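Asks: Contents of protein22.cif (mmCIF, C-alpha atoms) are below:
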```cif
data_entry
loop_
_atom_site.label_atom_id
_atom_site.label_comp_id
_atom_site.auth_asym_id
_atom_site.auth_seq_id
_atom_site.Cartn_x
_atom_site.Cartn_y
_atom_site.Cartn_z
CA MET A 1 19.60 17.54 -7.71
CA LEU A 2 17.42 17.59 -4.64
CA LYS A 3 14.55 15.13 -4.62
CA TYR A 4 12.04 13.76 -2.19
CA ILE A 5 10.96 10.25 -3.05
CA SER A 6 8.38 8.70 -0.77
CA PRO A 7 6.28 5.63 -1.64
CA ILE A 8 2.62 6.28 -1.18
CA ALA A 9 0.80 3.89 0.93
CA CYS A 10 -2.56 3.82 2.51
CA PHE A 11 -2.60 4.11 6.29
CA GLY A 12 -5.49 3.70 8.72
CA CYS A 13 -6.36 2.84 12.26
CA LEU A 14 -8.95 1.27 14.53
CA LEU A 15 -12.47 2.64 14.20
CA LEU A 16 -14.08 4.13 17.27
CA ASN A 17 -17.55 3.10 18.42
CA LEU A 18 -19.21 5.96 20.23
CA SER A 19 -22.51 5.92 22.10
CA VAL A 20 -24.23 9.27 21.63
CA ALA A 21 -26.86 10.52 23.99
CA ALA A 22 -30.37 10.90 22.66
CA GLN A 23 -30.36 14.63 23.39
CA ALA A 24 -29.73 17.22 20.68
CA PRO A 25 -26.06 17.15 19.66
CA ASP A 26 -23.73 19.95 20.70
CA THR A 27 -22.48 21.47 17.42
CA THR A 28 -20.14 23.99 19.10
CA ILE A 29 -16.52 23.86 17.95
CA TYR A 30 -14.42 24.17 21.11
CA GLU A 31 -10.89 25.50 21.39
CA VAL A 32 -10.19 24.01 24.84
CA ALA A 33 -11.40 20.87 26.60
CA GLU A 34 -10.61 18.73 29.63
CA LYS A 35 -9.37 15.95 27.31
CA MET A 36 -7.77 16.76 23.99
CA PRO A 37 -8.38 14.75 20.78
CA LEU A 38 -6.11 11.75 20.26
CA PRO A 39 -5.36 9.97 16.95
CA LEU A 40 -6.21 6.27 17.14
CA LEU A 41 -3.26 4.37 15.69
CA ALA A 42 -3.07 0.62 16.23
CA ARG A 43 0.49 0.59 17.59
CA CYS A 44 -0.43 3.06 20.33
CA HIS A 45 -3.95 1.84 21.09
CA PRO A 46 -4.66 1.55 24.85
CA ASP A 47 -5.89 -2.06 24.47
CA ARG A 48 -2.49 -3.10 23.08
CA ASN A 49 -0.53 -1.27 25.79
CA PRO A 50 -2.35 -1.91 29.10
CA GLY A 51 0.61 -0.77 31.21
CA TRP A 52 0.96 2.64 29.54
CA THR A 53 -0.16 5.89 31.12
CA GLU A 54 -2.42 8.28 29.24
CA ASP A 55 0.56 10.57 28.59
CA SER A 56 2.59 7.68 27.15
CA ILE A 57 -0.25 6.72 24.82
CA ARG A 58 -0.61 10.34 23.68
CA ARG A 59 3.11 10.79 22.99
CA CYS A 60 3.16 7.54 21.03
CA ALA A 61 0.07 8.48 19.01
CA GLU A 62 1.31 11.98 18.18
CA THR A 63 4.73 10.66 17.12
CA GLN A 64 3.15 7.96 14.95
CA LEU A 65 0.75 10.46 13.39
CA LEU A 66 3.60 12.73 12.30
CA ALA A 67 5.44 9.70 10.89
CA VAL A 68 2.37 8.59 8.92
CA VAL A 69 1.78 12.09 7.56
CA THR A 70 5.44 12.47 6.56
CA LYS A 71 5.46 9.14 4.71
CA ASN A 72 2.46 10.19 2.66
CA VAL A 73 3.60 13.70 1.69
CA ARG A 74 4.47 14.18 -1.97
CA TYR A 75 6.88 17.07 -2.11
CA PRO A 76 5.35 19.61 -4.57
CA GLU A 77 7.45 20.09 -7.68
CA GLU A 78 7.18 23.89 -7.49
CA ALA A 79 8.47 23.87 -3.90
CA ARG A 80 11.27 21.46 -4.80
CA GLN A 81 12.42 23.56 -7.77
CA ASN A 82 12.45 26.70 -5.62
CA ASN A 83 14.15 24.98 -2.66
CA LEU A 84 11.25 25.83 -0.37
CA GLU A 85 11.43 24.25 3.08
CA GLY A 86 9.69 24.94 6.35
CA THR A 87 6.63 24.18 8.43
CA VAL A 88 3.03 24.32 7.26
CA VAL A 89 0.57 24.71 10.13
CA THR A 90 -2.78 23.05 9.55
CA SER A 91 -5.96 22.99 11.58
CA PHE A 92 -9.06 20.83 11.42
CA VAL A 93 -12.10 19.94 13.48
CA VAL A 94 -12.11 16.55 15.19
CA GLU A 95 -15.76 15.50 15.09
CA THR A 96 -17.48 13.44 17.80
CA THR A 97 -17.55 10.56 15.27
CA GLY A 98 -13.74 10.46 15.26
CA ARG A 99 -13.48 11.88 11.74
CA ILE A 100 -12.01 15.26 10.80
CA SER A 101 -13.58 18.14 8.88
CA ASP A 102 -12.96 21.76 7.90
CA VAL A 103 -9.24 21.42 7.14
CA LYS A 104 -7.55 24.84 7.01
CA ILE A 105 -4.04 26.14 6.46
CA LEU A 106 -3.00 28.58 9.21
CA LYS A 107 0.55 29.06 7.92
CA ASP A 108 1.83 28.25 4.44
CA ILE A 109 5.34 28.32 2.96
CA GLY A 110 4.13 28.42 -0.64
CA GLY A 111 4.99 26.27 -3.61
CA GLY A 112 1.93 24.07 -3.14
CA CYS A 113 2.98 22.84 0.31
CA GLY A 114 -0.19 24.04 2.01
CA ALA A 115 -2.41 22.27 -0.50
CA GLU A 116 -0.33 19.10 -0.14
CA ALA A 117 -0.62 19.15 3.66
CA ALA A 118 -4.40 19.46 3.36
CA ARG A 119 -4.51 16.65 0.78
CA VAL A 120 -2.68 14.25 3.07
CA LEU A 121 -4.97 14.95 6.03
CA VAL A 122 -8.11 14.44 3.93
CA ALA A 123 -6.65 11.30 2.34
CA LEU A 124 -5.77 9.74 5.69
CA ASP A 125 -9.27 10.43 6.97
CA SER A 126 -10.77 8.86 3.86
CA VAL A 127 -8.84 5.58 4.34
CA GLY A 128 -9.82 5.18 7.97
CA LEU A 129 -7.68 7.29 10.31
CA ARG A 130 -9.89 8.08 13.31
CA TRP A 131 -9.54 10.10 16.51
CA ILE A 132 -10.73 9.85 20.08
CA PRO A 133 -12.69 13.12 20.24
CA ALA A 134 -12.17 15.81 22.84
CA GLN A 135 -14.24 15.63 26.00
CA ARG A 136 -15.92 18.28 28.11
CA GLU A 137 -17.77 17.30 31.29
CA GLY A 138 -17.35 13.67 30.30
CA LYS A 139 -19.02 14.04 26.90
CA PRO A 140 -17.44 13.95 23.42
CA VAL A 141 -17.38 17.35 21.73
CA ARG A 142 -16.16 18.88 18.49
CA MET A 143 -12.80 20.57 18.82
CA ARG A 144 -10.40 22.36 16.52
CA GLN A 145 -6.92 20.81 16.46
CA ALA A 146 -3.70 22.29 15.07
CA LEU A 147 -1.01 20.14 13.44
CA PRO A 148 2.33 21.45 12.13
CA ILE A 149 3.73 19.52 9.14
CA ARG A 150 7.41 19.88 8.32
CA PHE A 151 8.50 20.05 4.67
CA ARG A 152 12.18 19.30 4.24
CA LEU A 153 14.01 18.60 1.01
CA GLN A 154 16.10 15.48 1.04
CA GLU A 155 18.67 14.31 -1.44
CA ALA A 156 17.35 10.87 -2.30
CA LEU A 157 19.94 8.26 -3.11
CA PRO A 158 19.35 6.46 -6.42
CA TYR A 159 19.99 3.08 -4.79
CA TYR A 160 19.59 1.06 -1.61
CA LEU A 161 21.83 -1.50 0.05
CA ARG A 162 20.57 -5.04 0.52
CA ALA A 163 21.25 -6.98 3.71
CA THR A 164 24.01 -8.75 1.78
CA GLY A 165 25.72 -5.40 1.20
CA ASP A 166 25.25 -5.13 -2.57
CA THR A 167 23.77 -2.07 -4.24
CA ILE A 168 20.40 -2.12 -6.04
CA TYR A 169 19.43 0.99 -8.02
CA VAL A 170 15.87 2.31 -7.88
CA VAL A 171 16.55 5.30 -10.16
CA THR A 172 18.03 4.54 -13.58
CA ASP A 173 18.40 6.27 -16.93
CA SER A 174 17.24 3.13 -18.77
CA LEU A 175 15.62 -0.10 -17.62
CA PRO A 176 16.94 -3.62 -18.18
CA ARG A 177 15.92 -5.18 -21.52
CA PHE A 178 15.61 -8.81 -22.50
CA LYS A 179 18.06 -9.34 -25.35
CA ASP A 180 15.37 -10.64 -27.71
CA GLY A 181 12.89 -7.89 -26.80
CA ASP A 182 9.46 -8.11 -25.18
CA GLU A 183 8.20 -10.73 -27.62
CA GLY A 184 11.30 -12.79 -27.00
CA LEU A 185 10.72 -12.55 -23.24
CA MET A 186 7.13 -13.74 -23.55
CA SER A 187 8.23 -16.59 -25.82
CA PHE A 188 10.95 -17.60 -23.35
CA VAL A 189 8.50 -17.73 -20.46
CA VAL A 190 5.88 -19.69 -22.41
CA ASN A 191 8.40 -22.24 -23.68
CA ASN A 192 10.38 -22.72 -20.47
CA LEU A 193 7.87 -22.46 -17.61
CA ARG A 194 6.81 -25.96 -16.60
CA TYR A 195 3.61 -26.82 -14.78
CA PRO A 196 4.52 -29.28 -11.97
CA LYS A 197 3.54 -32.66 -13.38
CA ASP A 198 2.29 -34.00 -10.05
CA TYR A 199 -0.36 -31.28 -10.01
CA LEU A 200 -1.63 -31.42 -13.62
CA ASP A 201 -5.00 -32.87 -12.53
CA SER A 202 -5.35 -30.36 -9.68
CA CYS A 203 -6.27 -27.59 -12.14
CA LYS A 204 -4.47 -25.04 -9.95
CA THR A 205 -4.24 -21.69 -11.69
CA GLY A 206 -2.48 -18.54 -10.56
CA VAL A 207 0.37 -16.10 -10.81
CA ILE A 208 3.70 -16.11 -9.03
CA GLU A 209 5.50 -12.79 -9.37
CA LEU A 210 9.27 -12.69 -9.02
CA ALA A 211 11.35 -9.67 -8.09
CA LEU A 212 14.19 -10.44 -10.47
CA ILE A 213 17.52 -8.72 -9.89
CA ILE A 214 19.29 -7.96 -13.16
CA ARG A 215 22.98 -7.52 -12.38
CA ALA A 216 25.28 -5.08 -14.14
CA ASN A 217 26.80 -8.05 -16.00
CA GLY A 218 23.38 -9.40 -17.08
CA ALA A 219 23.27 -12.19 -14.49
CA THR A 220 19.99 -12.76 -12.66
CA GLU A 221 19.05 -13.44 -9.06
CA ILE A 222 15.70 -13.90 -7.32
CA ASP A 223 15.22 -11.20 -4.69
CA ASN A 224 11.67 -12.11 -3.67
CA GLN A 225 8.52 -13.79 -4.88
CA LEU A 226 4.77 -13.47 -4.32
CA ASP A 227 2.62 -16.57 -4.71
CA PHE A 228 -0.69 -14.71 -5.15
CA SER A 229 -2.84 -17.86 -5.32
CA ALA A 230 -0.95 -19.91 -2.71
CA LEU A 231 -0.02 -22.47 -5.37
CA GLY A 232 2.67 -23.97 -3.17
CA LEU A 233 6.36 -24.83 -3.10
CA ASP A 234 6.47 -26.92 -6.29
CA PHE A 235 5.10 -24.02 -8.32
CA GLN A 236 7.38 -21.55 -6.56
CA TRP A 237 10.43 -23.66 -7.40
CA GLU A 238 9.41 -23.76 -11.05
CA ALA A 239 9.12 -19.95 -11.11
CA ILE A 240 12.55 -19.64 -9.46
CA ARG A 241 14.04 -22.14 -11.91
CA LEU A 242 12.72 -20.05 -14.81
CA GLY A 243 14.19 -16.85 -13.36
CA ASN A 244 17.58 -18.45 -12.89
CA GLN A 245 17.54 -19.72 -16.50
CA MET A 246 17.45 -16.11 -17.68
CA SER A 247 20.95 -15.34 -16.45
CA GLY A 248 22.96 -13.71 -19.23
CA LEU A 249 19.89 -13.02 -21.38
CA TRP A 250 19.38 -9.43 -20.20
CA LEU A 251 20.93 -6.08 -21.07
CA PRO A 252 21.39 -4.28 -17.73
CA ALA A 253 19.98 -0.95 -16.61
CA MET A 254 22.14 2.13 -17.15
CA TYR A 255 22.78 5.00 -14.75
CA GLN A 256 25.02 7.95 -15.66
CA GLY A 257 26.60 6.02 -18.51
CA ARG A 258 27.40 2.78 -16.67
CA PRO A 259 25.56 -0.53 -16.14
CA VAL A 260 24.00 -1.01 -12.70
CA SER A 261 22.00 -3.65 -10.85
CA THR A 262 18.25 -3.16 -10.46
CA THR A 263 15.07 -5.23 -10.13
CA VAL A 264 12.27 -6.00 -12.57
CA PRO A 265 8.95 -7.76 -11.86
CA LEU A 266 8.45 -11.04 -13.71
CA ARG A 267 4.98 -12.59 -13.62
CA THR A 268 4.70 -16.32 -14.25
CA LEU A 269 1.25 -17.75 -15.01
CA PHE A 270 0.47 -21.39 -14.25
CA LYS A 271 -2.37 -23.22 -16.03
CA SER A 272 -2.83 -26.94 -16.52
CA ASP A 273 -3.52 -28.08 -20.09
CA LYS A 274 -5.52 -31.10 -18.93
CA PRO A 275 -9.01 -31.25 -20.54
CA GLY A 276 -10.68 -31.31 -17.14
CA CYS A 277 -9.13 -27.94 -16.25
CA LYS A 278 -10.85 -25.86 -18.92
CA LYS A 279 -13.38 -24.37 -16.51
CA ALA A 280 -10.72 -23.48 -13.92
CA ASN A 281 -8.67 -21.77 -16.62
CA SER A 282 -11.71 -19.96 -18.00
CA ASP A 283 -12.72 -18.73 -14.53
CA PHE A 284 -9.20 -17.43 -13.97
CA ASP A 285 -9.17 -15.59 -17.32
CA SER A 286 -12.57 -14.04 -16.61
CA ALA A 287 -11.46 -12.94 -13.15
CA MET A 288 -8.36 -11.26 -14.58
CA LEU A 289 -10.43 -9.40 -17.20
CA LEU A 290 -12.77 -8.18 -14.46
CA ALA A 291 -9.78 -7.14 -12.36
CA ASN A 292 -8.35 -5.11 -15.24
CA GLU A 293 -11.70 -3.36 -15.71
CA ALA A 294 -11.90 -2.67 -11.97
CA GLY A 295 -8.40 -1.22 -11.97
CA LEU A 296 -9.41 1.29 -14.67
CA LEU A 297 -12.46 2.35 -12.65
CA ALA A 298 -10.87 2.40 -9.18
CA ASP A 299 -9.93 6.09 -8.97
CA ALA A 300 -12.89 7.71 -10.74
CA GLU A 301 -15.71 5.29 -9.88
CA PRO A 302 -14.76 3.14 -6.88
CA ALA A 303 -18.31 1.84 -6.37
CA LYS A 304 -18.41 0.45 -9.91
CA ALA A 305 -14.88 -0.90 -9.48
CA LEU A 306 -16.04 -2.73 -6.35
CA GLU A 307 -18.75 -4.51 -8.36
CA LYS A 308 -16.04 -5.81 -10.72
CA TRP A 309 -13.78 -6.84 -7.82
CA ASN A 310 -16.70 -8.72 -6.22
CA GLN A 311 -17.30 -10.67 -9.42
CA ALA A 312 -13.59 -11.44 -9.72
CA VAL A 313 -13.42 -12.69 -6.12
CA THR A 314 -16.46 -14.91 -6.73
CA LEU A 315 -14.54 -16.57 -9.56
CA GLN A 316 -11.19 -16.63 -7.72
CA PRO A 317 -11.96 -16.56 -3.95
CA ASP A 318 -8.37 -17.39 -2.92
CA ASN A 319 -6.59 -15.01 -5.29
CA THR A 320 -4.80 -12.73 -2.83
CA GLU A 321 -3.92 -10.13 -5.46
CA VAL A 322 -7.62 -9.62 -6.26
CA LEU A 323 -8.49 -9.63 -2.54
CA TYR A 324 -5.86 -6.95 -1.89
CA TYR A 325 -7.17 -4.59 -4.56
CA ARG A 326 -10.76 -5.12 -3.48
CA GLY A 327 -9.64 -4.29 0.06
CA THR A 328 -8.01 -1.03 -1.02
CA THR A 329 -11.18 -0.07 -2.89
CA LEU A 330 -13.26 -0.81 0.20
CA LEU A 331 -10.95 1.46 2.21
CA ALA A 332 -11.50 4.24 -0.33
CA LEU A 333 -15.25 3.78 0.24
CA ASP A 334 -14.75 4.02 4.03
CA ARG A 335 -15.71 0.37 4.57
CA ARG A 336 -12.80 -0.51 6.81
CA GLU A 337 -14.20 -3.66 8.43
CA GLU A 338 -14.84 -5.26 5.04
CA ALA A 339 -11.38 -4.18 3.85
CA CYS A 340 -9.81 -5.78 6.91
CA ALA A 341 -11.73 -8.98 6.23
CA ASP A 342 -10.00 -9.15 2.83
CA PHE A 343 -6.59 -8.20 4.26
CA ASN A 344 -6.86 -10.73 7.07
CA ARG A 345 -8.03 -13.39 4.60
CA ILE A 346 -4.78 -12.84 2.68
CA LYS A 347 -2.80 -13.34 5.87
CA SER A 348 -4.66 -16.57 6.62
CA LEU A 349 -3.97 -17.89 3.11
CA LEU A 350 -0.30 -16.94 2.90
CA GLY A 351 0.73 -16.84 6.56
CA THR A 352 1.99 -13.30 6.04
CA THR A 353 1.33 -10.39 3.70
CA TRP A 354 3.49 -8.24 1.44
CA PHE A 355 1.76 -5.18 2.95
CA GLU A 356 1.92 -6.15 6.62
CA GLN A 357 2.66 -2.63 7.90
CA LEU A 358 -0.48 -1.30 6.20
CA ARG A 359 -2.59 -4.25 7.40
CA THR A 360 -1.43 -3.80 11.01
CA ILE A 361 -2.07 -0.06 11.03
CA VAL A 362 -5.50 -0.38 9.42
CA CYS A 363 -6.70 -3.56 11.12
CA GLY A 364 -4.62 -3.99 14.26
CA LYS A 365 -3.19 -7.42 15.08
#
```
Will you turn the file into structure tokens for me?
Replies:
Amino acid sequence: MLKYISPIACFGCLLLNLSVAAQAPDTTIYEVAEKMPLPLLARCHPDRNPGWTEDSIRRCAETQLLAVVTKNVRYPEEARQNNLEGTVVTSFVVETTGRISDVKILKDIGGGCGAEAARVLVALDSVGLRWIPAQREGKPVRMRQALPIRFRLQEALPYYLRATGDTIYVVTDSLPRFKDGDEGLMSFVVNNLRYPKDYLDSCKTGVIELALIIRANGATEIDNQLDFSALGLDFQWEAIRLGNQMSGLWLPAMYQGRPVSTTVPLRTLFKSDKPGCKKANSDFDSAMLLANEAGLLADAEPAKALEKWNQAVTLQPDNTEVLYYRGTTLLALDRREEACADFNRIKSLLGTTWFEQLRTIVCGK
């Protein structure tokens, strides 16, 4: 069966500050210009590559643009079922502000591919992708730009190989199950997760999420972990200890009638039961409720979701998970600088981010 599986991620770039003359703007849409429009992608930005020629910067930017578009294409089911492949040719106007408008399909291959190509271009513009506009006589002008987008079916493998050489499945017929069920899993976590005793009076609260590999034989291994509240090494070791204690307590995932190795997320919540920590625990609980409400509003009403995220961040200013989701909502509202403030705050708290490629493309260094 032919599939195209591509994780969706938000991509952006550096915003462009343009000084516009006081005279009446030129609203003509040009087809030719002395300088063609250029997508502003952080990796190819002139400031980051002072030794590059203009042609080198353009080749880099055009290559990166196609890569970003390809990563964000969701292959339409109708096209996939009918084995439709080929090139959709799009066009759009690059405005003097660096945004795009009037997206059109000049050549379609059917099966929803044209609509998908248009969706990706509009989505990338909405999350911050900007262009250096065309220039005529030294002034920025509106210009129509054509962009071919290749649709090619790929047979996606149901697994990937780790650096250690072992196989981890991402497509399975059934997921791993804790032997005692979901209630048994929650009970196991509650009864076996230990709050580091040296920190009981610190009132630290937060979540550490493990990527737990469940082997075909039911054994467990920690693949990765995210310390969303920067709780520290003692808390991380306790989360790892808990994950390792689960070895042999899982029924593995199944693929084509045989057990296989795959990963499951395991969230571990740390709260101190000291009387003086009641407010810290209450603030954390309130922030998580607000975050859940914001998550439900994010797609349909991002402005209202942002209000919830803001309240959650006020209660939990160093919670990087909440900061990340507020940042993505700010991107959806075209408030890139504020989004980058949240993303860069995460980097300062953790030293790195779990979404570094996105942060670099949207915010630069």
Asks: Starting from the PyMOL selection byres ((chain A and resi 152) around 7), expand the selection into actual residues of this file and give them as a list of chain:residue names.
Replies: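 This file, filtered by the PyMOL selection byres ((chain A and resi 152) around 7), leaves A:Glu85, A:Gly86, A:Arg150, A:Phe151, A:Leu153, A:Gln154.
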Asks: Quick one: which region 245-297 of chain A residues come within 10 Å of region 303-314 of chain A, and what is the nearest atom pair for each with the distance in Å to one decimal, counting only C-alpha atoms, rows ordered by chain and ascending number, as JSON lines?
Replies:
```
{"residue": "A:Asp283", "atom": "CA", "partner": "A:Ala312", "partner_atom": "CA", "distance": 8.8}
{"residue": "A:Phe284", "atom": "CA", "partner": "A:Ala312", "partner_atom": "CA", "distance": 8.6}
{"residue": "A:Asp285", "atom": "CA", "partner": "A:Ala312", "partner_atom": "CA", "distance": 9.7}
{"residue": "A:Ser286", "atom": "CA", "partner": "A:Ala312", "partner_atom": "CA", "distance": 7.4}
{"residue": "A:Ala287", "atom": "CA", "partner": "A:Ala312", "partner_atom": "CA", "distance": 4.3}
{"residue": "A:Met288", "atom": "CA", "partner": "A:Ala312", "partner_atom": "CA", "distance": 7.1}
{"residue": "A:Leu289", "atom": "CA", "partner": "A:Ala312", "partner_atom": "CA", "distance": 8.4}
{"residue": "A:Leu290", "atom": "CA", "partner": "A:Lys308", "partner_atom": "CA", "distance": 5.5}
{"residue": "A:Ala291", "atom": "CA", "partner": "A:Trp309", "partner_atom": "CA", "distance": 6.1}
{"residue": "A:Asn292", "atom": "CA", "partner": "A:Lys308", "partner_atom": "CA", "distance": 8.9}
{"residue": "A:Glu293", "atom": "CA", "partner": "A:Lys308", "partner_atom": "CA", "distance": 7.1}
{"residue": "A:Ala294", "atom": "CA", "partner": "A:Ala305", "partner_atom": "CA", "distance": 4.3}
{"residue": "A:Gly295", "atom": "CA", "partner": "A:Ala305", "partner_atom": "CA", "distance": 6.9}
{"residue": "A:Leu296", "atom": "CA", "partner": "A:Ala305", "partner_atom": "CA", "distance": 7.9}
{"residue": "A:Leu297", "atom": "CA", "partner": "A:Ala305", "partner_atom": "CA", "distance": 5.1}
```
Asks: Name every residue that the PyMOL selection byres ((chain A and resi 83) around 10) selects in this structure, writing the answer as a PyMOL selection string with chains first and numbers rising.
Replies: chain A and resi 2+77-82+84-85+111+152-153
Asks: On this file, the PyMOL selection byres ((chain A and resi 129-138) around 8) gives some set of residues; write that set as a VMD selection string.
Replies: chain A and resid 11 to 16 33 to 41 94 to 100 124 to 128 139 to 143
Asks: May I ask for the distance between CA of Ser91 (chain A) and CA of Thr63 (chain A), given in Å to one decimal place?
Replies: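 For CA of Ser91 (chain A) relative to CA of Thr63 (chain A), the distance reads 17.2 Å.
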Asks: Just want the 6 Å neighbourhood of region 219-228 of chain A, counted on only C-alpha atoms, with same-chain residues fewer than 4 positions away dropped. Output as number ranges by chain.
Replies: A: 207-215, 247-248, 319-321
Asks: Could you tell me how far CA of Ile105 (chain A) lies from CA of Val88 (chain A), in Å and to one decimal?
Replies: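 Those two atoms sit 7.3 Å apart.
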Asks: Smallest atom-to-atom distance to Leu185 (chain A): which of A:Lys204, A:Lys274, A:Arg267, A:Lys197, using all atoms listed in the file?
Replies: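 So, comparing all the options, the nearest one is A:Arg267.
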Asks: Could you check which of A:Asp201, A:Glu116, A:Asp273, A:Glu62 is closest to Pro76 (chain A), using all atoms listed in the file?
Replies: A:Glu116
Asks: Find the residue from A:Leu161, A:Ile361, A:Ala216, A:Leu231 that sits nearest to Tyr199 (chain A); use only C-alpha atoms when measuring.
Replies: A:Leu231
